[in-house]
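File shown: target_10.txt (compact mmCIF, C-alpha atoms).
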# COMPACT_ATOMS: atom_id res chain seq x y z
CA MET A 24 -48.11 -41.30 22.82
CA LYS A 25 -46.98 -41.10 26.40
CA ALA A 26 -45.28 -37.96 27.72
CA TRP A 27 -42.01 -39.72 28.48
CA GLN A 28 -41.84 -41.02 24.88
CA ALA A 29 -42.24 -37.53 23.52
CA GLY A 30 -39.38 -36.34 25.76
CA LEU A 31 -36.88 -38.97 24.56
CA PRO A 32 -35.69 -37.06 21.47
CA LEU A 33 -35.23 -33.91 23.55
CA ALA A 34 -33.29 -35.82 26.22
CA ALA A 35 -31.06 -37.39 23.54
CA LEU A 36 -30.40 -33.98 21.99
CA ILE A 37 -29.49 -32.47 25.36
CA GLY A 38 -27.22 -35.43 26.11
CA LEU A 39 -25.39 -35.03 22.80
CA GLY A 40 -25.03 -31.30 23.40
CA VAL A 41 -23.47 -31.89 26.83
CA LEU A 42 -21.11 -34.53 25.39
CA GLY A 43 -20.06 -32.15 22.61
CA ALA A 44 -19.43 -29.32 25.07
CA VAL A 45 -17.28 -31.56 27.27
CA GLN A 46 -15.24 -32.64 24.24
CA LEU A 47 -14.71 -29.03 23.14
CA MET A 48 -13.56 -27.97 26.61
CA GLN A 49 -10.96 -30.73 26.97
CA LYS A 50 -7.49 -29.51 26.12
CA ASP A 51 -5.59 -31.94 23.93
CA GLU A 52 -2.11 -30.55 23.30
CA GLU A 53 -1.62 -32.78 20.28
CA SER A 54 -4.41 -30.93 18.51
CA PHE A 55 -2.67 -27.60 19.07
CA ILE A 56 1.00 -28.35 18.37
CA ALA A 57 2.03 -30.52 15.46
CA LYS A 58 5.48 -31.47 14.32
CA ALA A 59 5.49 -31.13 10.59
CA ASP A 60 7.83 -31.96 7.77
CA ARG A 61 6.36 -30.50 4.65
CA ALA A 62 7.40 -27.76 2.30
CA ALA A 63 6.31 -24.20 2.96
CA PRO A 64 4.05 -22.94 0.18
CA ASP A 65 5.54 -21.11 -2.81
CA THR A 66 3.02 -18.29 -2.28
CA VAL A 67 4.44 -14.77 -2.10
CA PHE A 68 2.78 -11.93 -0.23
CA PRO A 69 2.92 -8.17 -0.76
CA LEU A 70 4.47 -6.33 2.18
CA LEU A 71 2.28 -4.26 4.47
CA ASP A 72 4.54 -1.22 4.21
CA ASP A 73 5.33 -1.49 0.49
CA GLU A 74 2.97 -3.53 -1.67
CA THR A 75 5.41 -3.37 -4.60
CA GLU A 76 7.72 -5.68 -2.61
CA VAL A 77 6.90 -9.29 -1.71
CA ILE A 78 7.97 -11.95 0.78
CA GLY A 79 7.74 -15.71 0.56
CA PHE A 80 8.71 -18.50 2.91
CA SER A 81 9.54 -21.43 0.63
CA ASP A 82 13.03 -19.89 0.67
CA PRO A 83 12.97 -18.08 4.03
CA PRO A 84 15.05 -14.98 4.69
CA GLY A 85 18.37 -15.57 6.45
CA ASP A 86 20.09 -18.79 7.43
CA GLN A 87 18.09 -19.63 10.56
CA PRO A 88 14.61 -21.05 11.10
CA VAL A 89 11.89 -18.41 10.98
CA MET A 90 8.53 -18.12 12.69
CA VAL A 91 5.54 -16.95 10.63
CA ASN A 92 2.55 -15.83 12.69
CA LEU A 93 -0.76 -15.51 10.86
CA PHE A 94 -2.88 -12.91 12.63
CA ALA A 95 -5.62 -10.32 12.11
CA SER A 96 -6.66 -7.13 13.86
CA TRP A 97 -10.24 -8.47 14.21
CA CYS A 98 -9.04 -11.63 16.00
CA ALA A 99 -9.36 -11.50 19.82
CA PRO A 100 -6.95 -14.44 20.43
CA CYS A 101 -4.39 -12.63 18.23
CA ARG A 102 -4.57 -9.69 20.61
CA ALA A 103 -4.17 -12.05 23.58
CA GLU A 104 -1.07 -13.73 22.15
CA HIS A 105 0.64 -10.50 21.08
CA GLY A 106 2.76 -10.30 24.24
CA ASP A 107 4.11 -13.79 23.57
CA ILE A 108 4.89 -12.84 19.96
CA THR A 109 6.75 -9.76 21.22
CA TRP A 110 8.69 -11.87 23.72
CA ARG A 111 9.56 -14.31 20.92
CA ALA A 112 10.84 -11.49 18.71
CA GLU A 113 13.03 -10.18 21.54
CA THR A 114 14.56 -13.60 22.25
CA HIS A 115 14.97 -14.53 18.56
CA PRO A 116 15.72 -11.27 16.74
CA GLY A 117 15.33 -11.35 12.97
CA GLN A 118 13.40 -14.63 13.03
CA VAL A 119 9.79 -13.50 13.64
CA TYR A 120 7.59 -12.63 10.66
CA GLY A 121 3.93 -11.74 10.45
CA LEU A 122 1.25 -12.44 7.89
CA ALA A 123 -1.88 -10.29 8.15
CA TYR A 124 -4.73 -12.64 7.25
CA LYS A 125 -7.89 -11.27 5.58
CA ASP A 126 -7.32 -7.88 7.15
CA ALA A 127 -7.47 -4.35 5.79
CA PRO A 128 -3.98 -2.80 5.79
CA GLU A 129 -5.18 0.25 7.76
CA ALA A 130 -6.69 -2.03 10.43
CA THR A 131 -3.44 -4.03 10.64
CA ARG A 132 -1.43 -0.81 11.01
CA ALA A 133 -3.76 0.44 13.79
CA PHE A 134 -3.51 -2.92 15.60
CA LEU A 135 0.30 -2.78 15.48
CA ALA A 136 0.39 0.91 16.43
CA GLU A 137 -1.62 0.10 19.54
CA LEU A 138 0.19 -3.08 20.62
CA GLY A 139 3.62 -2.63 19.05
CA ASN A 140 5.16 -4.24 16.01
CA PRO A 141 7.33 -7.23 16.93
CA PHE A 142 7.67 -8.50 13.34
CA GLU A 143 10.76 -8.32 11.18
CA THR A 144 8.52 -8.01 8.12
CA ILE A 145 4.77 -8.32 7.58
CA GLY A 146 3.15 -9.82 4.52
CA VAL A 147 -0.49 -9.29 3.58
CA ASP A 148 -2.88 -12.12 2.68
CA ARG A 149 -6.08 -10.26 1.79
CA SER A 150 -7.82 -13.12 0.02
CA GLY A 151 -6.90 -15.76 2.59
CA GLN A 152 -5.62 -18.18 -0.05
CA GLY A 153 -2.04 -17.92 1.22
CA GLY A 154 -3.12 -18.98 4.70
CA LEU A 155 -4.93 -21.96 3.21
CA ASP A 156 -1.77 -22.82 1.27
CA PHE A 157 0.07 -22.96 4.61
CA GLY A 158 -2.59 -25.26 6.10
CA LEU A 159 -4.26 -22.62 8.25
CA THR A 160 -7.32 -23.76 10.15
CA GLY A 161 -8.04 -20.36 11.77
CA VAL A 162 -6.12 -17.38 13.10
CA PRO A 163 -3.96 -17.15 15.03
CA GLU A 164 -1.60 -19.87 13.90
CA THR A 165 2.16 -20.03 13.94
CA PHE A 166 4.49 -21.93 11.64
CA VAL A 167 8.22 -22.46 12.15
CA ILE A 168 10.06 -22.93 8.86
CA SER A 169 13.57 -24.33 8.52
CA PRO A 170 16.21 -22.49 6.45
CA ASP A 171 15.59 -24.97 3.61
CA GLY A 172 11.87 -24.09 3.44
CA GLN A 173 10.35 -26.99 5.42
CA ILE A 174 7.55 -26.36 7.91
CA ILE A 175 8.90 -28.03 11.04
CA LEU A 176 6.30 -26.90 13.58
CA HIS A 177 2.66 -25.84 13.30
CA VAL A 178 0.93 -24.30 16.33
CA ARG A 179 -2.85 -23.95 16.08
CA GLY A 180 -4.33 -21.22 18.24
CA PRO A 181 -2.65 -18.52 20.27
CA LEU A 182 0.86 -18.86 21.61
CA ASP A 183 1.06 -19.04 25.36
CA ALA A 184 3.72 -19.89 27.94
CA GLU A 185 3.35 -23.63 27.29
CA ARG A 186 3.67 -23.41 23.52
CA ARG A 187 6.36 -20.77 23.31
CA GLU A 188 8.97 -23.20 24.64
CA GLU A 189 8.40 -25.54 21.70
CA VAL A 190 8.58 -22.60 19.29
CA SER A 191 11.84 -21.42 20.90
CA GLU A 192 13.36 -24.88 20.55
CA ALA A 193 12.37 -25.00 16.89
CA LEU A 194 13.75 -21.50 16.25
CA SER A 195 17.03 -22.42 17.95
CA GLY A 196 17.47 -25.27 15.50
What would the structure in this file look like if it were written as structure tokens?
Amino acid sequence: MKAWQAGLPLAALIGLGVLGAVQLMQKDEESFIAKADRAAPDTVFPLLDDETEVIGFSDPPGDQPVMVNLFASWCAPCRAEHGDITWRAETHPGQVYGLAYKDAPEATRAFLAELGNPFETIGVDRSGQGGLDFGLTGVPETFVISPDGQIILHVRGPLDAERREEVSEALSG
């Protein structure tokens, strides 16, 4: 076998790796923000501060759309987006809820003590099943739910200046 023939599989593998890396680095907004029109799950979550109480979003609190942010203390992008979540809570008081995903309650409390707690209420999803019921692909993710319990916006990944405008529009109705 000639040397160049032996190198063909390696060259093909390197080429596929480069192609994959280029695809991963391209930012496609459609893959991050999705308009949705499906029912919020019926799942209820114990509250972080009182596990005898629960919250659910199939019948959201209040008469306005609500934002549910799934986050975790161990998630670096969650830390990065926290300022945007805080800004959202200030501009839409009473409409921003948190759901601690696969996180120990003491770790969630420490995370919020360090960065501040922008959430109206925080549910706990220790098993992760509730996040899957929402359609979670990985934390952080944000869902905007209409007053009648329909998910109207699903943001994959951390909120940033570009995405927060869409979330604000959805929260404003």
Could you check the closest approach to Phe68 of chain A for each of A:Gln152, A:Asn140, A:Gln87, A:Thr109 and tell me which residue wins, using only C-alpha atoms?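 For Phe68 of chain A, the nearest of the given residues is A:Gln152.
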Within 6 Å of Gly146 of chain A, counting all atoms listed in the file, which residues qualify if same-chain residues fewer than 2 places away don't, as a list of chain:residue names? A:Phe68, A:Pro69, A:Leu70, A:Leu71, A:Leu122
What does the distance between atom CA of Asn92 of chain A and atom CA of Gly151 of chain A come to in Å, to one decimal place?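 We find that atom CA of Asn92 of chain A and atom CA of Gly151 of chain A lie 13.8 Å from each other.
Note that the spacing between atom CA of Asp171 of chain A and atom CA of Gly158 of chain A amounts to 18.4 Å.
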Extract, using all atoms listed in the file, all DNA, RNA and protein residues at most 12 Å from Asp183 of chain A, discarding same-chain residues fewer than 3 positions from it, and format them as a ChimeraX atom specification. /A:55-56,100-111,163-165,178-180,186-191
Near Ile175 of chain A, within 6 Å and counting only C-alpha atoms, which residues show up once chain neighbours fewer than 4 positions away are dropped, as a ChimeraX atom specification? /A:58-60,167-168
